[in-house]
$ cat final_36.txt   # compact mmCIF, N, CA and C atoms
# COMPACT_ATOMS: atom_id res chain seq x y z
N GLY A 10 -4.66 1.98 20.32
CA GLY A 10 -4.82 1.72 21.69
C GLY A 10 -4.05 0.49 22.13
N GLU A 11 -4.32 0.08 23.31
CA GLU A 11 -3.63 -1.05 23.93
C GLU A 11 -3.86 -2.35 23.15
N LYS A 12 -5.09 -2.55 22.64
CA LYS A 12 -5.38 -3.78 21.89
C LYS A 12 -4.54 -3.84 20.62
N VAL A 13 -4.40 -2.71 19.94
CA VAL A 13 -3.61 -2.67 18.71
C VAL A 13 -2.15 -2.99 19.03
N THR A 14 -1.63 -2.40 20.08
CA THR A 14 -0.25 -2.65 20.48
C THR A 14 -0.03 -4.13 20.76
N LYS A 15 -0.94 -4.74 21.53
CA LYS A 15 -0.81 -6.18 21.84
C LYS A 15 -0.86 -7.02 20.57
N PHE A 16 -1.80 -6.70 19.68
CA PHE A 16 -1.93 -7.46 18.44
C PHE A 16 -0.67 -7.31 17.60
N ALA A 17 -0.14 -6.09 17.51
CA ALA A 17 1.07 -5.85 16.72
C ALA A 17 2.24 -6.65 17.26
N GLN A 18 2.31 -6.82 18.56
CA GLN A 18 3.41 -7.57 19.16
C GLN A 18 3.35 -9.05 18.80
N THR A 19 2.19 -9.54 18.41
CA THR A 19 2.05 -10.96 18.08
C THR A 19 2.16 -11.23 16.58
N ASN A 20 2.37 -10.19 15.78
CA ASN A 20 2.40 -10.35 14.33
C ASN A 20 3.64 -9.64 13.78
N LYS A 21 4.51 -10.39 13.14
CA LYS A 21 5.76 -9.81 12.64
C LYS A 21 5.56 -8.81 11.50
N ASN A 22 4.41 -8.82 10.86
CA ASN A 22 4.16 -7.91 9.74
C ASN A 22 3.46 -6.63 10.15
N ILE A 23 3.16 -6.48 11.42
CA ILE A 23 2.49 -5.28 11.90
C ILE A 23 3.41 -4.59 12.89
N HIS A 24 3.57 -3.30 12.69
CA HIS A 24 4.45 -2.52 13.55
C HIS A 24 3.67 -1.35 14.12
N ASP A 25 3.48 -1.33 15.41
CA ASP A 25 2.82 -0.21 16.08
C ASP A 25 3.89 0.82 16.37
N VAL A 26 3.83 1.95 15.66
CA VAL A 26 4.87 2.97 15.80
C VAL A 26 4.43 4.14 16.68
N GLY A 27 3.20 4.10 17.16
CA GLY A 27 2.72 5.19 18.02
C GLY A 27 2.55 6.47 17.22
N LEU A 28 2.54 7.58 17.92
CA LEU A 28 2.39 8.88 17.27
C LEU A 28 3.69 9.26 16.57
N VAL A 29 3.56 9.78 15.35
CA VAL A 29 4.74 10.20 14.58
C VAL A 29 4.49 11.57 13.97
N THR A 30 5.55 12.22 13.55
CA THR A 30 5.42 13.51 12.88
C THR A 30 4.81 13.29 11.49
N HIS A 31 4.36 14.38 10.89
CA HIS A 31 3.77 14.29 9.55
C HIS A 31 4.79 13.75 8.55
N ASP A 32 6.01 14.24 8.61
CA ASP A 32 7.05 13.76 7.69
C ASP A 32 7.28 12.26 7.84
N LYS A 33 7.34 11.82 9.07
CA LYS A 33 7.54 10.39 9.33
C LYS A 33 6.34 9.59 8.82
N SER A 34 5.15 10.15 8.99
CA SER A 34 3.93 9.51 8.51
C SER A 34 4.00 9.28 7.00
N ILE A 35 4.46 10.28 6.27
CA ILE A 35 4.58 10.15 4.81
C ILE A 35 5.61 9.07 4.47
N SER A 36 6.71 9.01 5.20
CA SER A 36 7.71 7.98 4.89
C SER A 36 7.15 6.58 5.15
N TYR A 37 6.33 6.44 6.19
CA TYR A 37 5.68 5.14 6.44
C TYR A 37 4.68 4.81 5.33
N THR A 38 3.95 5.81 4.86
CA THR A 38 2.99 5.59 3.77
C THR A 38 3.72 5.14 2.51
N LEU A 39 4.83 5.78 2.20
CA LEU A 39 5.62 5.39 1.03
C LEU A 39 6.15 3.96 1.15
N ALA A 40 6.48 3.54 2.36
CA ALA A 40 7.05 2.21 2.58
C ALA A 40 5.99 1.11 2.71
N SER A 41 4.73 1.50 2.81
CA SER A 41 3.65 0.53 3.04
C SER A 41 3.10 -0.02 1.74
N ASP A 42 2.59 -1.23 1.80
CA ASP A 42 1.90 -1.82 0.66
C ASP A 42 0.48 -1.28 0.57
N ILE A 43 -0.15 -1.10 1.73
CA ILE A 43 -1.54 -0.64 1.82
C ILE A 43 -1.67 0.21 3.09
N VAL A 44 -2.51 1.22 3.03
CA VAL A 44 -2.81 2.05 4.19
C VAL A 44 -4.24 1.75 4.63
N MET A 45 -4.44 1.66 5.93
CA MET A 45 -5.80 1.46 6.45
C MET A 45 -6.30 2.77 7.03
N ALA A 46 -7.51 3.12 6.68
CA ALA A 46 -8.14 4.33 7.20
C ALA A 46 -9.60 4.00 7.48
N LEU A 47 -9.86 3.55 8.69
CA LEU A 47 -11.20 3.12 9.08
C LEU A 47 -11.81 4.18 10.00
N TYR A 48 -13.01 4.65 9.66
CA TYR A 48 -13.66 5.74 10.39
C TYR A 48 -15.09 5.36 10.75
N ASP A 49 -15.47 5.64 11.97
CA ASP A 49 -16.82 5.33 12.45
C ASP A 49 -17.83 6.25 11.77
N PRO A 50 -18.69 5.71 10.90
CA PRO A 50 -19.64 6.54 10.17
C PRO A 50 -20.75 7.13 11.07
N LYS A 51 -20.82 6.69 12.32
CA LYS A 51 -21.81 7.27 13.24
C LYS A 51 -21.40 8.67 13.69
N LEU A 52 -20.12 8.98 13.57
CA LEU A 52 -19.62 10.30 13.98
C LEU A 52 -19.78 11.28 12.83
N GLY A 53 -20.41 12.41 13.11
CA GLY A 53 -20.70 13.40 12.08
C GLY A 53 -19.49 13.83 11.29
N ALA A 54 -18.39 14.09 11.96
CA ALA A 54 -17.19 14.52 11.26
C ALA A 54 -16.70 13.45 10.29
N HIS A 55 -16.86 12.19 10.64
CA HIS A 55 -16.42 11.10 9.76
C HIS A 55 -17.34 10.95 8.55
N ARG A 56 -18.59 11.34 8.68
CA ARG A 56 -19.53 11.25 7.56
C ARG A 56 -19.33 12.36 6.55
N LYS A 57 -18.66 13.44 6.95
CA LYS A 57 -18.55 14.60 6.08
C LYS A 57 -17.12 14.90 5.62
N ALA A 58 -16.13 14.55 6.41
CA ALA A 58 -14.75 14.95 6.12
C ALA A 58 -14.05 13.96 5.20
N SER A 59 -13.13 14.49 4.43
CA SER A 59 -12.24 13.67 3.62
C SER A 59 -10.85 13.79 4.23
N PRO A 60 -10.39 12.75 4.89
CA PRO A 60 -9.12 12.85 5.62
C PRO A 60 -7.91 12.99 4.71
N ASN A 61 -6.95 13.77 5.18
CA ASN A 61 -5.69 13.95 4.45
C ASN A 61 -5.00 12.62 4.19
N LYS A 62 -5.17 11.70 5.11
CA LYS A 62 -4.51 10.39 4.99
C LYS A 62 -4.80 9.75 3.62
N ALA A 63 -6.01 9.89 3.14
CA ALA A 63 -6.37 9.30 1.85
C ALA A 63 -5.63 9.97 0.70
N PHE A 64 -5.56 11.29 0.74
CA PHE A 64 -4.90 12.01 -0.34
C PHE A 64 -3.38 11.81 -0.29
N GLU A 65 -2.85 11.68 0.91
CA GLU A 65 -1.43 11.37 1.05
C GLU A 65 -1.13 9.98 0.51
N ALA A 66 -2.02 9.03 0.77
CA ALA A 66 -1.85 7.69 0.22
C ALA A 66 -1.89 7.72 -1.30
N MET A 67 -2.83 8.49 -1.85
CA MET A 67 -2.90 8.62 -3.31
C MET A 67 -1.59 9.19 -3.86
N ALA A 68 -1.08 10.24 -3.22
CA ALA A 68 0.16 10.88 -3.67
C ALA A 68 1.33 9.92 -3.61
N CYS A 69 1.29 8.99 -2.68
CA CYS A 69 2.38 8.01 -2.49
C CYS A 69 2.17 6.73 -3.29
N SER A 70 1.11 6.68 -4.11
CA SER A 70 0.78 5.47 -4.88
C SER A 70 0.53 4.27 -3.99
N THR A 71 -0.02 4.53 -2.80
CA THR A 71 -0.31 3.47 -1.85
C THR A 71 -1.82 3.31 -1.74
N PRO A 72 -2.36 2.15 -2.10
CA PRO A 72 -3.82 1.98 -2.02
C PRO A 72 -4.29 1.96 -0.56
N ILE A 73 -5.59 2.09 -0.40
CA ILE A 73 -6.17 2.26 0.93
C ILE A 73 -7.28 1.25 1.18
N ILE A 74 -7.40 0.82 2.41
CA ILE A 74 -8.57 0.06 2.85
C ILE A 74 -9.34 0.99 3.76
N THR A 75 -10.59 1.22 3.42
CA THR A 75 -11.45 2.07 4.23
C THR A 75 -12.82 1.42 4.33
N ASN A 76 -13.74 2.14 4.92
CA ASN A 76 -15.05 1.53 5.14
C ASN A 76 -16.17 2.33 4.49
N HIS A 77 -17.30 1.68 4.39
CA HIS A 77 -18.51 2.30 3.86
C HIS A 77 -19.01 3.39 4.82
N GLY A 78 -19.79 4.33 4.28
CA GLY A 78 -20.45 5.32 5.12
C GLY A 78 -19.68 6.60 5.36
N THR A 79 -18.59 6.81 4.63
CA THR A 79 -17.82 8.05 4.74
C THR A 79 -17.59 8.59 3.33
N PRO A 80 -17.12 9.84 3.19
CA PRO A 80 -16.82 10.36 1.86
C PRO A 80 -15.76 9.54 1.11
N LEU A 81 -14.93 8.85 1.85
CA LEU A 81 -13.92 8.00 1.19
C LEU A 81 -14.55 6.88 0.39
N GLU A 82 -15.74 6.46 0.78
CA GLU A 82 -16.42 5.39 0.03
C GLU A 82 -16.61 5.80 -1.42
N ASP A 83 -17.13 7.00 -1.64
CA ASP A 83 -17.35 7.48 -3.01
C ASP A 83 -16.03 7.64 -3.75
N LEU A 84 -15.02 8.16 -3.06
CA LEU A 84 -13.72 8.36 -3.68
C LEU A 84 -13.11 7.03 -4.11
N VAL A 85 -13.17 6.04 -3.24
CA VAL A 85 -12.64 4.71 -3.57
C VAL A 85 -13.44 4.09 -4.72
N ASN A 86 -14.75 4.22 -4.69
CA ASN A 86 -15.57 3.67 -5.77
C ASN A 86 -15.28 4.36 -7.10
N ASP A 87 -15.09 5.68 -7.09
CA ASP A 87 -14.86 6.43 -8.32
C ASP A 87 -13.47 6.17 -8.91
N ILE A 88 -12.47 6.16 -8.05
CA ILE A 88 -11.09 6.08 -8.52
C ILE A 88 -10.55 4.66 -8.53
N LYS A 89 -11.12 3.80 -7.71
CA LYS A 89 -10.65 2.40 -7.58
C LYS A 89 -9.21 2.36 -7.07
N PHE A 90 -8.94 3.18 -6.04
CA PHE A 90 -7.59 3.18 -5.48
C PHE A 90 -7.52 2.47 -4.14
N GLY A 91 -8.51 1.63 -3.88
CA GLY A 91 -8.51 0.88 -2.64
C GLY A 91 -9.69 -0.06 -2.55
N TRP A 92 -9.99 -0.46 -1.33
CA TRP A 92 -11.05 -1.42 -1.07
C TRP A 92 -11.91 -0.94 0.08
N LEU A 93 -13.15 -1.41 0.10
CA LEU A 93 -14.11 -1.04 1.15
C LEU A 93 -14.53 -2.25 1.95
N VAL A 94 -14.70 -2.04 3.24
CA VAL A 94 -15.25 -3.05 4.13
C VAL A 94 -16.30 -2.38 5.00
N PRO A 95 -17.25 -3.13 5.51
CA PRO A 95 -18.19 -2.54 6.46
C PRO A 95 -17.46 -2.16 7.75
N TYR A 96 -17.80 -1.02 8.31
CA TYR A 96 -17.15 -0.57 9.54
C TYR A 96 -17.39 -1.58 10.67
N GLY A 97 -16.33 -1.96 11.35
CA GLY A 97 -16.44 -2.87 12.50
C GLY A 97 -16.52 -4.34 12.15
N ASP A 98 -16.55 -4.68 10.87
CA ASP A 98 -16.65 -6.08 10.46
C ASP A 98 -15.25 -6.69 10.36
N LYS A 99 -14.80 -7.25 11.47
CA LYS A 99 -13.45 -7.81 11.54
C LYS A 99 -13.25 -8.95 10.55
N ASN A 100 -14.28 -9.77 10.38
CA ASN A 100 -14.15 -10.91 9.46
C ASN A 100 -13.98 -10.44 8.02
N ALA A 101 -14.74 -9.41 7.63
CA ALA A 101 -14.59 -8.88 6.27
C ALA A 101 -13.19 -8.32 6.06
N LEU A 102 -12.68 -7.64 7.07
CA LEU A 102 -11.33 -7.08 6.99
C LEU A 102 -10.29 -8.19 6.90
N LYS A 103 -10.42 -9.21 7.73
CA LYS A 103 -9.48 -10.34 7.68
C LYS A 103 -9.52 -11.03 6.32
N THR A 104 -10.72 -11.24 5.81
CA THR A 104 -10.88 -11.90 4.50
C THR A 104 -10.24 -11.07 3.40
N LEU A 105 -10.48 -9.77 3.42
CA LEU A 105 -9.90 -8.89 2.41
C LEU A 105 -8.37 -8.94 2.47
N ILE A 106 -7.82 -8.81 3.65
CA ILE A 106 -6.36 -8.83 3.79
C ILE A 106 -5.81 -10.17 3.32
N ALA A 107 -6.47 -11.26 3.67
CA ALA A 107 -6.03 -12.58 3.21
C ALA A 107 -6.10 -12.67 1.69
N ASP A 108 -7.17 -12.11 1.09
CA ASP A 108 -7.31 -12.13 -0.37
C ASP A 108 -6.22 -11.29 -1.05
N LEU A 109 -5.82 -10.21 -0.40
CA LEU A 109 -4.82 -9.32 -0.99
C LEU A 109 -3.40 -9.86 -0.86
N THR A 110 -3.20 -10.78 0.06
CA THR A 110 -1.88 -11.38 0.22
C THR A 110 -1.55 -12.14 -1.06
N GLY A 111 -0.50 -11.75 -1.69
CA GLY A 111 -0.13 -12.38 -2.95
C GLY A 111 -0.73 -11.72 -4.17
N SER A 112 -1.52 -10.66 -3.98
CA SER A 112 -2.13 -9.94 -5.11
C SER A 112 -1.34 -8.68 -5.42
N VAL A 113 -0.05 -8.83 -5.61
CA VAL A 113 0.84 -7.68 -5.79
C VAL A 113 0.40 -6.83 -6.99
N LYS A 114 0.02 -7.46 -8.09
CA LYS A 114 -0.38 -6.69 -9.28
C LYS A 114 -1.61 -5.84 -9.00
N GLU A 115 -2.58 -6.39 -8.31
CA GLU A 115 -3.81 -5.64 -8.00
C GLU A 115 -3.52 -4.49 -7.03
N VAL A 116 -2.68 -4.75 -6.06
CA VAL A 116 -2.30 -3.70 -5.10
C VAL A 116 -1.60 -2.57 -5.84
N ARG A 117 -0.66 -2.91 -6.69
CA ARG A 117 0.06 -1.87 -7.46
C ARG A 117 -0.89 -1.11 -8.38
N LYS A 118 -1.78 -1.85 -9.04
CA LYS A 118 -2.73 -1.24 -9.97
C LYS A 118 -3.58 -0.19 -9.24
N ARG A 119 -4.06 -0.52 -8.06
CA ARG A 119 -4.89 0.42 -7.31
C ARG A 119 -4.08 1.60 -6.79
N GLY A 120 -2.84 1.34 -6.39
CA GLY A 120 -1.97 2.43 -5.96
C GLY A 120 -1.70 3.40 -7.11
N GLU A 121 -1.45 2.86 -8.28
CA GLU A 121 -1.20 3.69 -9.46
C GLU A 121 -2.44 4.49 -9.85
N ALA A 122 -3.62 3.89 -9.70
CA ALA A 122 -4.87 4.61 -10.00
C ALA A 122 -5.01 5.81 -9.05
N GLY A 123 -4.66 5.61 -7.80
CA GLY A 123 -4.71 6.71 -6.84
C GLY A 123 -3.76 7.82 -7.22
N ARG A 124 -2.56 7.46 -7.63
CA ARG A 124 -1.56 8.48 -8.00
C ARG A 124 -2.01 9.25 -9.24
N ARG A 125 -2.56 8.55 -10.24
CA ARG A 125 -3.05 9.24 -11.44
C ARG A 125 -4.16 10.23 -11.08
N ALA A 126 -5.07 9.80 -10.22
CA ALA A 126 -6.16 10.69 -9.79
C ALA A 126 -5.60 11.88 -9.01
N PHE A 127 -4.63 11.62 -8.17
CA PHE A 127 -4.02 12.71 -7.40
C PHE A 127 -3.39 13.72 -8.35
N ASP A 128 -2.63 13.25 -9.32
CA ASP A 128 -1.96 14.14 -10.26
C ASP A 128 -2.95 14.95 -11.09
N SER A 129 -4.06 14.32 -11.47
CA SER A 129 -5.00 14.99 -12.35
C SER A 129 -6.02 15.87 -11.63
N GLY A 130 -6.28 15.62 -10.35
CA GLY A 130 -7.32 16.42 -9.74
C GLY A 130 -7.19 16.74 -8.28
N TYR A 131 -6.21 16.17 -7.58
CA TYR A 131 -6.14 16.37 -6.13
C TYR A 131 -4.82 16.93 -5.64
N SER A 132 -3.87 17.13 -6.54
CA SER A 132 -2.60 17.72 -6.11
C SER A 132 -2.82 19.19 -5.81
N TRP A 133 -1.87 19.81 -5.12
CA TRP A 133 -2.01 21.23 -4.80
C TRP A 133 -2.13 22.05 -6.08
N GLU A 134 -1.37 21.69 -7.11
CA GLU A 134 -1.43 22.44 -8.36
C GLU A 134 -2.84 22.40 -8.96
N SER A 135 -3.46 21.23 -8.94
CA SER A 135 -4.83 21.10 -9.46
C SER A 135 -5.81 21.86 -8.59
N MET A 136 -5.68 21.72 -7.28
CA MET A 136 -6.60 22.39 -6.37
C MET A 136 -6.43 23.91 -6.45
N GLU A 137 -5.20 24.37 -6.64
CA GLU A 137 -4.94 25.81 -6.76
C GLU A 137 -5.71 26.38 -7.94
N LYS A 138 -5.66 25.71 -9.08
CA LYS A 138 -6.38 26.16 -10.27
C LYS A 138 -7.88 26.21 -10.01
N ARG A 139 -8.40 25.17 -9.35
CA ARG A 139 -9.84 25.12 -9.06
C ARG A 139 -10.23 26.24 -8.10
N LEU A 140 -9.41 26.47 -7.09
CA LEU A 140 -9.71 27.54 -6.14
C LEU A 140 -9.67 28.91 -6.81
N LEU A 141 -8.66 29.15 -7.65
CA LEU A 141 -8.57 30.44 -8.34
C LEU A 141 -9.77 30.67 -9.25
N LYS A 142 -10.21 29.62 -9.91
CA LYS A 142 -11.40 29.72 -10.77
C LYS A 142 -12.64 30.05 -9.91
N LEU A 143 -12.77 29.36 -8.80
CA LEU A 143 -13.91 29.61 -7.90
C LEU A 143 -13.88 31.05 -7.37
N TYR A 144 -12.70 31.51 -6.95
CA TYR A 144 -12.56 32.89 -6.44
C TYR A 144 -12.94 33.89 -7.52
N ALA A 145 -12.49 33.65 -8.76
CA ALA A 145 -12.81 34.55 -9.87
C ALA A 145 -14.33 34.61 -10.10
N GLU A 146 -14.98 33.44 -10.05
CA GLU A 146 -16.43 33.40 -10.22
C GLU A 146 -17.15 34.15 -9.11
N LEU A 147 -16.65 34.02 -7.89
CA LEU A 147 -17.27 34.71 -6.76
C LEU A 147 -17.09 36.22 -6.87
N LEU A 148 -15.94 36.65 -7.35
CA LEU A 148 -15.68 38.07 -7.51
C LEU A 148 -16.56 38.69 -8.59
N GLU A 149 -16.92 37.90 -9.60
CA GLU A 149 -17.78 38.39 -10.69
C GLU A 149 -19.20 38.64 -10.21
N GLN A 150 -19.60 37.95 -9.14
CA GLN A 150 -20.99 38.06 -8.67
C GLN A 150 -21.22 39.31 -7.90
$ encode --input "final_36.txt" --output "structure tokens"
Amino acid sequence: GEKVTKFAQTNKNIHDVGLVTHDKSISYTLASDIVMALYDPKLGAHRKASPNKAFEAMACSTPIITNHGTPLEDLVNDIKFGWLVPYGDKNALKTLIADLTGSVKEVRKRGEAGRRAFDSGYSWESMEKRLLKLYAELLEQ
């Protein structure tokens, strides 16, 4: 929104690019050190859905900052491919970003953990095998 645009204009490290195509989105994810994916846990869809953005970040070896109260919380806790902050807690987010500044090894480590998890269980090839197995089990019933 307008607040994000204004804030981006005052910070040389933040670029508000507006709406972009999916391909462009992936190129930005690849070029980013960290992806932010913050979702309001009060919204039903946010409490149940696992956004593509997270899996795309994993595929790109880019760690994620997300918030508690969504399915991403469990994914981040299990895989350790990012960090969690309370939704709406600006100070926690600022503190985390400040702590991550200069933590290149930790950022890379978490990005690599995401990529390993993606390769082993979340890539299309892995999901295809799981779906085929599920379909076979359903057909047997």
$ atom_distance --input "final_36.txt" --atom1 "atom CA of Met67 of chain A" --atom2 "atom CA of Ala126 of chain A"
7.5 Å
$ select_by_dssp --input "final_36.txt" --residues "chain A" --states "strand (DSSP E or B)" --output "PyMOL selection string"
chain A and resi 44-46+73-76+91-94
$ write_last_selection --input "final_36.txt" --atoms "N, CA and C atoms" --output "short mmCIF file (atom, residue, chain, number, x, y, z; two decimals), in the frame of the given file"
data_model
loop_
_atom_site.label_atom_id
_atom_site.label_comp_id
_atom_site.auth_asym_id
_atom_site.auth_seq_id
_atom_site.Cartn_x
_atom_site.Cartn_y
_atom_site.Cartn_z
N VAL A 44 -2.51 1.22 3.03
CA VAL A 44 -2.81 2.05 4.19
C VAL A 44 -4.24 1.75 4.63
N MET A 45 -4.44 1.66 5.93
CA MET A 45 -5.80 1.46 6.45
C MET A 45 -6.30 2.77 7.03
N ALA A 46 -7.51 3.12 6.68
CA ALA A 46 -8.14 4.33 7.20
C ALA A 46 -9.60 4.00 7.48
N ILE A 73 -5.59 2.09 -0.40
CA ILE A 73 -6.17 2.26 0.93
C ILE A 73 -7.28 1.25 1.18
N ILE A 74 -7.40 0.82 2.41
CA ILE A 74 -8.57 0.06 2.85
C ILE A 74 -9.34 0.99 3.76
N THR A 75 -10.59 1.22 3.42
CA THR A 75 -11.45 2.07 4.23
C THR A 75 -12.82 1.42 4.33
N ASN A 76 -13.74 2.14 4.92
CA ASN A 76 -15.05 1.53 5.14
C ASN A 76 -16.17 2.33 4.49
N GLY A 91 -8.51 1.63 -3.88
CA GLY A 91 -8.51 0.88 -2.64
C GLY A 91 -9.69 -0.06 -2.55
N TRP A 92 -9.99 -0.46 -1.33
CA TRP A 92 -11.05 -1.42 -1.07
C TRP A 92 -11.91 -0.94 0.08
N LEU A 93 -13.15 -1.41 0.10
CA LEU A 93 -14.11 -1.04 1.15
C LEU A 93 -14.53 -2.25 1.95
N VAL A 94 -14.70 -2.04 3.24
CA VAL A 94 -15.25 -3.05 4.13
C VAL A 94 -16.30 -2.38 5.00
#
$ closest_residue --input "final_36.txt" --among "A:Thr71, A:Ile106, A:Ala122, A:Ala40" --to "Asn86 of chain A" --atoms "only C-alpha atoms"
A:Ala122
$ closest_residue --input "final_36.txt" --among "A:His77, A:Lys114, A:Lys138, A:Lys51" --to "Tyr96 of chain A" --atoms "all atoms listed in the file"
A:His77
$ closest_residue --input "final_36.txt" --among "A:Ile73, A:Leu143, A:Ile88, A:Leu28" --to "Ser41 of chain A" --atoms "only C-alpha atoms"
A:Ile73
$ closest_residue --input "final_36.txt" --among "A:Arg119, A:His24, A:Lys103, A:His55" --to "Pro80 of chain A" --atoms "all atoms listed in the file"
A:His55
$ atom_distance --input "final_36.txt" --atom1 "atom C of Lys99 of chain A" --atom2 "atom N of Pro72 of chain A"
20.0 Å
$ decode --input "final_36.txt" --residues "segment 103-123 of chain A" --atoms "N, CA and C atoms" --output "PDB file, in the first residue's frame"
ATOM      1  N   LYS A 103      11.656  -5.394  13.453  1.00  0.00           N
ATOM      2  CA  LYS A 103      12.837  -4.525  13.351  1.00  0.00           C
ATOM      3  C   LYS A 103      14.037  -5.159  14.048  1.00  0.00           C
ATOM      4  N   THR A 104      13.810  -5.710  15.233  1.00  0.00           N
ATOM      5  CA  THR A 104      14.893  -6.344  15.991  1.00  0.00           C
ATOM      6  C   THR A 104      15.460  -7.532  15.223  1.00  0.00           C
ATOM      7  N   LEU A 105      14.583  -8.355  14.674  1.00  0.00           N
ATOM      8  CA  LEU A 105      15.035  -9.522  13.914  1.00  0.00           C
ATOM      9  C   LEU A 105      15.863  -9.082  12.708  1.00  0.00           C
ATOM     10  N   ILE A 106      15.363  -8.134  11.961  1.00  0.00           N
ATOM     11  CA  ILE A 106      16.099  -7.664  10.780  1.00  0.00           C
ATOM     12  C   ILE A 106      17.450  -7.086  11.189  1.00  0.00           C
ATOM     13  N   ALA A 107      17.481  -6.326  12.265  1.00  0.00           N
ATOM     14  CA  ALA A 107      18.750  -5.778  12.753  1.00  0.00           C
ATOM     15  C   ALA A 107      19.701  -6.902  13.158  1.00  0.00           C
ATOM     16  N   ASP A 108      19.167  -7.941  13.819  1.00  0.00           N
ATOM     17  CA  ASP A 108      19.996  -9.076  14.233  1.00  0.00           C
ATOM     18  C   ASP A 108      20.541  -9.844  13.027  1.00  0.00           C
ATOM     19  N   LEU A 109      19.755  -9.901  11.959  1.00  0.00           N
ATOM     20  CA  LEU A 109      20.172 -10.656  10.772  1.00  0.00           C
ATOM     21  C   LEU A 109      21.176  -9.894   9.918  1.00  0.00           C
ATOM     22  N   THR A 110      21.238  -8.595  10.098  1.00  0.00           N
ATOM     23  CA  THR A 110      22.207  -7.797   9.351  1.00  0.00           C
ATOM     24  C   THR A 110      23.606  -8.242   9.766  1.00  0.00           C
ATOM     25  N   GLY A 111      24.353  -8.707   8.837  1.00  0.00           N
ATOM     26  CA  GLY A 111      25.688  -9.199   9.147  1.00  0.00           C
ATOM     27  C   GLY A 111      25.736 -10.672   9.495  1.00  0.00           C
ATOM     28  N   SER A 112      24.584 -11.351   9.494  1.00  0.00           N
ATOM     29  CA  SER A 112      24.540 -12.785   9.795  1.00  0.00           C
ATOM     30  C   SER A 112      24.450 -13.596   8.508  1.00  0.00           C
ATOM     31  N   VAL A 113      25.366 -13.344   7.600  1.00  0.00           N
ATOM     32  CA  VAL A 113      25.325 -13.968   6.278  1.00  0.00           C
ATOM     33  C   VAL A 113      25.337 -15.494   6.380  1.00  0.00           C
ATOM     34  N   LYS A 114      26.156 -16.045   7.265  1.00  0.00           N
ATOM     35  CA  LYS A 114      26.239 -17.507   7.389  1.00  0.00           C
ATOM     36  C   LYS A 114      24.907 -18.098   7.830  1.00  0.00           C
ATOM     37  N   GLU A 115      24.254 -17.471   8.785  1.00  0.00           N
ATOM     38  CA  GLU A 115      22.974 -17.978   9.278  1.00  0.00           C
ATOM     39  C   GLU A 115      21.887 -17.860   8.205  1.00  0.00           C
ATOM     40  N   VAL A 116      21.901 -16.763   7.484  1.00  0.00           N
ATOM     41  CA  VAL A 116      20.925 -16.578   6.401  1.00  0.00           C
ATOM     42  C   VAL A 116      21.128 -17.654   5.340  1.00  0.00           C
ATOM     43  N   ARG A 117      22.364 -17.879   4.950  1.00  0.00           N
ATOM     44  CA  ARG A 117      22.650 -18.922   3.946  1.00  0.00           C
ATOM     45  C   ARG A 117      22.262 -20.303   4.456  1.00  0.00           C
ATOM     46  N   LYS A 118      22.593 -20.570   5.713  1.00  0.00           N
ATOM     47  CA  LYS A 118      22.295 -21.874   6.316  1.00  0.00           C
ATOM     48  C   LYS A 118      20.793 -22.149   6.256  1.00  0.00           C
ATOM     49  N   ARG A 119      19.989 -21.165   6.594  1.00  0.00           N
ATOM     50  CA  ARG A 119      18.535 -21.356   6.577  1.00  0.00           C
ATOM     51  C   ARG A 119      18.002 -21.479   5.150  1.00  0.00           C
ATOM     52  N   GLY A 120      18.583 -20.721   4.234  1.00  0.00           N
ATOM     53  CA  GLY A 120      18.185 -20.847   2.834  1.00  0.00           C
ATOM     54  C   GLY A 120      18.492 -22.242   2.296  1.00  0.00           C
ATOM     55  N   GLU A 121      19.657 -22.755   2.633  1.00  0.00           N
ATOM     56  CA  GLU A 121      20.054 -24.091   2.194  1.00  0.00           C
ATOM     57  C   GLU A 121      19.156 -25.166   2.815  1.00  0.00           C
ATOM     58  N   ALA A 122      18.755 -24.971   4.069  1.00  0.00           N
ATOM     59  CA  ALA A 122      17.840 -25.922   4.717  1.00  0.00           C
ATOM     60  C   ALA A 122      16.506 -25.958   3.967  1.00  0.00           C
ATOM     61  N   GLY A 123      16.040 -24.799   3.544  1.00  0.00           N
ATOM     62  CA  GLY A 123      14.806 -24.743   2.770  1.00  0.00           C
ATOM     63  C   GLY A 123      14.938 -25.475   1.453  1.00  0.00           C
TER      64      GLY A 123
END
